[in-house]
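K.L.:
Contents of run-v5.cif (mmCIF, C-alpha atoms) are given next:
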data_query
loop_
_atom_site.group_PDB
_atom_site.id
_atom_site.type_symbol
_atom_site.label_atom_id
_atom_site.label_comp_id
_atom_site.auth_asym_id
_atom_site.auth_seq_id
_atom_site.Cartn_x
_atom_site.Cartn_y
_atom_site.Cartn_z
ATOM 1 C CA MET A 2 96.188 -100.821 62.578
ATOM 2 C CA ASN A 3 98.218 -97.975 64.036
ATOM 3 C CA GLU A 4 101.033 -96.767 61.847
ATOM 4 C CA SER A 5 103.465 -94.300 63.306
ATOM 5 C CA LYS A 6 104.037 -91.136 61.308
ATOM 6 C CA PRO A 7 107.571 -90.364 60.228
ATOM 7 C CA ASN A 8 109.272 -87.587 62.200
ATOM 8 C CA GLN A 9 108.217 -84.283 60.734
ATOM 9 C CA PRO A 10 110.173 -81.110 61.372
ATOM 10 C CA LYS A 11 108.567 -78.734 63.810
ATOM 11 C CA LYS A 12 107.139 -75.544 62.392
ATOM 12 C CA LYS A 13 109.336 -72.506 62.872
ATOM 13 C CA GLN A 14 108.210 -70.056 65.497
ATOM 14 C CA GLN A 15 107.193 -66.768 63.925
ATOM 15 C CA THR A 16 107.462 -63.331 65.344
ATOM 16 C CA ASN A 17 104.959 -60.551 64.903
ATOM 17 C CA ASN A 18 104.226 -59.576 61.300
ATOM 18 C CA ASN A 19 106.003 -62.706 60.027
ATOM 19 C CA ARG A 20 109.355 -60.955 60.375
ATOM 20 C CA PRO A 21 112.305 -62.819 61.829
ATOM 21 C CA ASN A 22 113.503 -61.765 65.230
ATOM 22 C CA HIS A 23 117.202 -61.033 64.707
ATOM 23 C CA ASN A 24 117.806 -60.786 68.441
ATOM 24 C CA ARG A 25 117.158 -64.489 68.986
ATOM 25 C CA ARG A 26 119.425 -67.397 68.213
ATOM 26 C CA ARG A 27 118.494 -71.055 68.202
ATOM 27 C CA ARG A 28 120.566 -73.185 70.570
ATOM 28 C CA GLY A 29 119.813 -76.790 71.375
ATOM 29 C CA GLY A 30 116.286 -76.686 69.977
ATOM 30 C CA LYS A 31 115.323 -73.563 71.962
ATOM 31 C CA PHE A 32 115.509 -69.880 71.176
ATOM 32 C CA HIS A 33 117.642 -67.742 73.444
ATOM 33 C CA ASN A 34 117.636 -63.982 73.506
ATOM 34 C CA ILE A 35 121.142 -62.840 72.522
ATOM 35 C CA ARG A 36 120.552 -59.131 73.159
ATOM 36 C CA ARG A 37 121.824 -58.266 76.587
ATOM 37 C CA ARG A 38 119.742 -56.396 79.078
ATOM 38 C CA ILE A 39 120.828 -52.862 79.839
ATOM 39 C CA SER A 40 122.862 -53.085 83.013
ATOM 40 C CA ARG A 41 123.819 -49.421 83.303
ATOM 41 C CA THR A 42 123.386 -45.977 81.838
ATOM 42 C CA VAL A 43 126.422 -43.876 80.915
ATOM 43 C CA GLU A 44 126.463 -40.156 80.169
ATOM 44 C CA GLU A 45 129.030 -38.977 77.624
ATOM 45 C CA GLU A 46 129.856 -35.506 76.376
ATOM 46 C CA THR A 47 131.435 -34.568 73.059
ATOM 47 C CA ALA A 48 132.220 -31.296 71.302
ATOM 48 C CA GLY A 49 133.034 -30.222 67.770
ATOM 49 C CA GLY A 50 132.227 -27.614 65.224
ATOM 50 C CA VAL A 51 131.013 -26.395 61.909
ATOM 51 C CA VAL A 52 134.362 -25.211 60.546
ATOM 52 C CA PHE A 53 134.266 -22.663 57.735
ATOM 53 C CA ARG A 54 136.503 -20.482 55.601
ATOM 54 C CA ARG A 55 135.795 -17.880 52.984
ATOM 55 C CA GLY A 56 136.652 -19.073 49.496
ATOM 56 C CA LYS A 57 137.136 -16.754 46.532
ATOM 57 C CA ASP A 58 133.443 -16.690 45.706
ATOM 58 C CA SER A 59 131.725 -18.541 48.526
ATOM 59 C CA ILE A 60 131.747 -19.945 52.020
ATOM 60 C CA GLU A 61 133.312 -23.386 52.360
ATOM 61 C CA ILE A 62 132.612 -25.918 55.120
ATOM 62 C CA LEU A 63 135.140 -28.516 56.287
ATOM 63 C CA MET A 64 133.718 -32.004 56.604
ATOM 64 C CA ILE A 65 135.137 -35.363 57.589
ATOM 65 C CA GLN A 66 134.152 -38.753 56.256
ATOM 66 C CA ASP A 67 133.721 -41.093 59.206
ATOM 67 C CA ILE A 68 134.489 -44.788 59.411
ATOM 68 C CA LYS A 69 130.969 -45.581 58.123
ATOM 69 C CA GLY A 70 131.561 -43.447 55.017
ATOM 70 C CA ARG A 71 129.238 -40.646 56.155
ATOM 71 C CA TRP A 72 130.132 -36.988 55.808
ATOM 72 C CA THR A 73 129.856 -35.086 59.072
ATOM 73 C CA ILE A 74 131.608 -32.485 61.219
ATOM 74 C CA PRO A 75 134.738 -33.090 63.309
ATOM 75 C CA LYS A 76 133.957 -33.791 66.974
ATOM 76 C CA GLY A 77 135.076 -35.972 69.857
ATOM 77 C CA HIS A 78 134.915 -36.812 73.542
ATOM 78 C CA VAL A 79 135.555 -34.310 76.311
ATOM 79 C CA GLU A 80 138.537 -35.338 78.423
ATOM 80 C CA GLU A 81 138.565 -34.991 82.190
ATOM 81 C CA GLY A 82 139.195 -31.397 83.286
ATOM 82 C CA GLU A 83 138.740 -30.053 79.752
ATOM 83 C CA ARG A 84 136.279 -27.307 78.807
ATOM 84 C CA ILE A 85 133.977 -28.072 75.869
ATOM 85 C CA GLU A 86 135.527 -25.240 73.812
ATOM 86 C CA GLU A 87 138.977 -26.782 74.326
ATOM 87 C CA THR A 88 137.623 -30.176 73.287
ATOM 88 C CA ALA A 89 136.133 -28.787 70.074
ATOM 89 C CA LEU A 90 139.423 -27.161 69.031
ATOM 90 C CA ARG A 91 141.538 -30.172 70.060
ATOM 91 C CA GLU A 92 139.340 -32.682 68.229
ATOM 92 C CA ILE A 93 139.250 -30.606 65.042
ATOM 93 C CA GLU A 94 143.042 -30.320 65.090
ATOM 94 C CA GLU A 95 143.455 -34.065 65.796
ATOM 95 C CA GLU A 96 141.004 -35.190 63.116
ATOM 96 C CA THR A 97 141.922 -32.713 60.369
ATOM 97 C CA GLY A 98 145.374 -31.272 61.104
ATOM 98 C CA LEU A 99 144.083 -27.670 61.120
ATOM 99 C CA LYS A 100 145.752 -25.510 63.765
ATOM 100 C CA TYR A 101 144.575 -21.951 63.191
ATOM 101 C CA LEU A 102 141.001 -22.004 64.451
ATOM 102 C CA LYS A 103 138.822 -19.499 66.260
ATOM 103 C CA ILE A 104 135.512 -20.207 67.985
ATOM 104 C CA LEU A 105 132.958 -17.535 67.083
ATOM 105 C CA ASN A 106 129.688 -18.795 68.583
ATOM 106 C CA LYS A 107 128.068 -21.791 70.202
ATOM 107 C CA LEU A 108 125.493 -23.117 67.734
ATOM 108 C CA GLY A 109 123.734 -25.486 70.125
ATOM 109 C CA LYS A 110 123.822 -29.004 71.424
ATOM 110 C CA ILE A 111 122.466 -32.333 70.292
ATOM 111 C CA ASP A 112 121.173 -34.921 72.740
ATOM 112 C CA PHE A 113 120.724 -38.521 71.639
ATOM 113 C CA ARG A 114 121.064 -42.020 72.966
ATOM 114 C CA TYR A 115 122.275 -45.343 71.676
ATOM 115 C CA ARG A 116 122.918 -48.813 72.964
ATOM 116 C CA LYS A 117 126.377 -50.369 73.210
ATOM 117 C CA LEU A 118 126.281 -53.983 74.387
ATOM 118 C CA ASP A 119 124.729 -53.836 77.856
ATOM 119 C CA LYS A 120 125.026 -50.029 78.251
ATOM 120 C CA LEU A 121 122.649 -47.238 77.357
ATOM 121 C CA ILE A 122 124.755 -44.253 76.287
ATOM 122 C CA LEU A 123 123.212 -40.797 76.791
ATOM 123 C CA MET A 124 125.256 -38.506 74.531
ATOM 124 C CA THR A 125 125.373 -34.710 74.512
ATOM 125 C CA THR A 126 127.308 -33.084 71.654
ATOM 126 C CA HIS A 127 128.144 -29.357 71.824
ATOM 127 C CA ILE A 128 128.571 -27.710 68.416
ATOM 128 C CA PHE A 129 130.425 -24.435 67.787
ATOM 129 C CA LEU A 130 130.825 -22.140 64.796
ATOM 130 C CA ILE A 131 134.567 -22.125 64.081
ATOM 131 C CA HIS A 132 136.539 -20.001 61.622
ATOM 132 C CA ALA A 133 139.631 -21.560 60.004
ATOM 133 C CA PHE A 134 142.305 -19.124 58.839
ATOM 134 C CA LYS A 135 145.961 -19.039 57.720
ATOM 135 C CA ASP A 136 146.779 -22.686 56.848
ATOM 136 C CA SER A 137 143.206 -23.772 56.044
ATOM 137 C CA GLY A 138 144.524 -25.491 52.918
ATOM 138 C CA ASN A 139 146.885 -27.633 54.995
ATOM 139 C CA TYR A 140 144.694 -30.471 56.261
ATOM 140 C CA ARG A 141 144.725 -34.263 56.319
ATOM 141 C CA PRO A 142 142.504 -37.064 57.628
ATOM 142 C CA GLU A 143 143.644 -38.713 60.856
ATOM 143 C CA GLU A 144 143.210 -42.382 59.998
ATOM 144 C CA SER A 145 144.004 -43.524 63.559
ATOM 145 C CA GLU A 146 140.858 -41.610 64.624
ATOM 146 C CA GLY A 147 138.772 -43.508 62.042
ATOM 147 C CA ILE A 148 138.649 -40.569 59.624
ATOM 148 C CA LYS A 149 138.591 -41.714 55.994
ATOM 149 C CA ASP A 150 138.700 -38.295 54.320
ATOM 150 C CA VAL A 151 138.666 -34.538 54.999
ATOM 151 C CA LYS A 152 137.458 -32.053 52.430
ATOM 152 C CA TRP A 153 136.262 -28.471 52.004
ATOM 153 C CA PHE A 154 132.853 -28.188 50.340
ATOM 154 C CA PRO A 155 130.842 -25.198 49.131
ATOM 155 C CA ALA A 156 128.244 -24.512 51.849
ATOM 156 C CA ASN A 157 125.224 -25.724 49.844
ATOM 157 C CA GLU A 158 126.976 -28.937 48.822
ATOM 158 C CA ALA A 159 128.030 -29.582 52.441
ATOM 159 C CA LEU A 160 124.433 -29.148 53.556
ATOM 160 C CA ASP A 161 123.298 -31.728 50.983
ATOM 161 C CA LEU A 162 125.989 -34.215 52.047
ATOM 162 C CA ILE A 163 125.328 -34.159 55.782
ATOM 163 C CA GLU A 164 123.610 -37.392 56.797
ATOM 164 C CA TYR A 165 122.639 -36.517 60.354
ATOM 165 C CA ASP A 166 119.467 -34.398 60.558
ATOM 166 C CA ASP A 167 120.324 -32.696 63.852
ATOM 167 C CA ILE A 168 123.695 -31.562 62.510
ATOM 168 C CA GLY A 169 121.994 -30.399 59.308
ATOM 169 C CA LYS A 170 119.781 -28.074 61.379
ATOM 170 C CA LEU A 171 122.840 -26.628 63.096
ATOM 171 C CA PHE A 172 124.459 -26.162 59.656
ATOM 172 C CA LEU A 173 121.578 -23.882 58.701
ATOM 173 C CA ILE A 174 122.035 -21.841 61.889
ATOM 174 C CA ALA A 175 125.780 -21.626 61.166
ATOM 175 C CA LEU A 176 125.251 -20.414 57.594
ATOM 176 C CA LYS A 177 122.820 -17.760 58.758
ATOM 177 C CA LYS A 178 125.320 -16.536 61.403
ATOM 178 C CA ILE A 179 128.161 -16.498 58.841
ATOM 179 C CA ARG A 180 126.153 -14.558 56.255
ATOM 180 C CA HIS A 181 124.571 -12.086 58.673
ATOM 181 C CA GLY A 182 127.430 -11.845 61.166
ATOM 182 C CA GLY A 183 129.976 -10.595 58.666
ATOM 183 C CA TYR A 184 132.441 -13.397 59.325
#
Can you dump the structure from the file as structure tokens?
P.N.:
Amino acid sequence: MNESKPNQPKKKQQTNNNRPNHNRRRRGGKFHNIRRRISRTVEEETAGGVVFRRGKDSIEILMIQDIKGRWTIPKGHVEEGERIEETALREIEEETGLKYLKILNKLGKIDFRYRKLDKLILMTTHIFLIHAFKDSGNYRPEESEGIKDVKWFPANEALDLIEYDDIGKLFLIALKKIRHGGY
């Protein structure tokens, strides 16, 4: 006598190390890869700076809190026909409201890449050492730029707050230049 077995659910497909593959979605009984293939590579250039002022007893660093809640330095995209120094000053003014700024040195550049939908973005960020003077107490976050907060921090506290390692390394270079350059 041949009895038919009741329909049993199929076993789930597993990925390596028994971890779910978050790039796959089940549609119509089959898994489809929802992550798009990279169709093009785009190079982008940004510029910004480690902005400082001398407080009564210490050096203070201006930081912005980005849309993700991370403390970082002000920076932004280079516009067509614009020099990177002009971009750094423009972006700092746009994001913080500071107007009296002077570039002292180029600290370096950071190269990184990230994926945005079907594009691979190759980003180069140029970082300058910038002195804020005169109205350095007159600042405000530019919410339309995605800036949640702007604040001056003592240099050591700013270094602890920075969440991007590459920028943290440039902070150290900036502090050394400030202390030994007599700025």
K.L.:
Using the chain letters and numbers from this file, what does the PyMOL selection byres ((chain A and resi 127) around 10) select? Give the answer as a ChimeraX atom specification.
P.N.:
/A:46-50,76-77,79,85-86,88-89,107-112,124-126,128-129
K.L.:
Between atom CA of Asp136 of chain A and atom CA of Lys100 of chain A, what distance in Å does the model show, to one decimal?
P.N.:
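Here the two named atoms are 7.5 Å from each other.
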K.L.:
List the residues selected by the PyMOL selection byres ((chain A and resi 65-75) around 8) in the file shown, writing them as a ChimeraX atom specification.
P.N.:
/A:49-52,63-64,76-77,92-93,96-97,142,147-152,162-165,168
K.L.:
With distances taken over only C-alpha atoms, which of A:Asp166, A:Leu121, A:Pro155, A:Arg141 is nearest to Ile39 of chain A?
P.N.:
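With only C-alpha atoms as the atom set, the closest residue is A:Leu121.
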K.L.:
Using atom CA of Phe113 of chain A and atom CA of Phe172 of chain A as the two end points, give the distance in Å to one decimal.
P.N.:
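These two atoms are separated by 17.6 Å.
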K.L.:
For the structure provided, state which residues fall under the PyMOL selection byres ((chain A and resi 104) around 7), and present them as a PyMOL selection string.
P.N.:
chain A and resi 102-103+105-106+129-132
K.L.:
For Ser137 of chain A, work out the shell of residues within 8 Å, counting only C-alpha atoms and skipping chain neighbours fewer than 4 positions away, then give it as a PyMOL selection string.
P.N.:
chain A and resi 54+99+101+133
K.L.:
Could you tell me how far atom CA of Glu95 of chain A lies from atom CA of His78 of chain A, in Å and to one decimal?
P.N.:
11.9 Å
K.L.:
Once 5 Å is added on each side, what are the centre and the three edge lengths, in Å to one decimal, of the axis-aligned box enclosing the listed atoms of segment 119-125 of chain A? Present them as lines of an AutoDock Vina configuration file.
P.N.:
center_x = 124.0
center_y = -44.3
center_z = 76.4
size_x = 12.7
size_y = 29.1
size_z = 13.7
K.L.:
Rank nothing, just name the residue among A:Leu90, A:Ile60, A:Arg116, A:Arg37 nearest to Leu176 of chain A, using all atoms listed in the file.
P.N.:
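Smallest separation from Leu176 of chain A among the options: A:Ile60.
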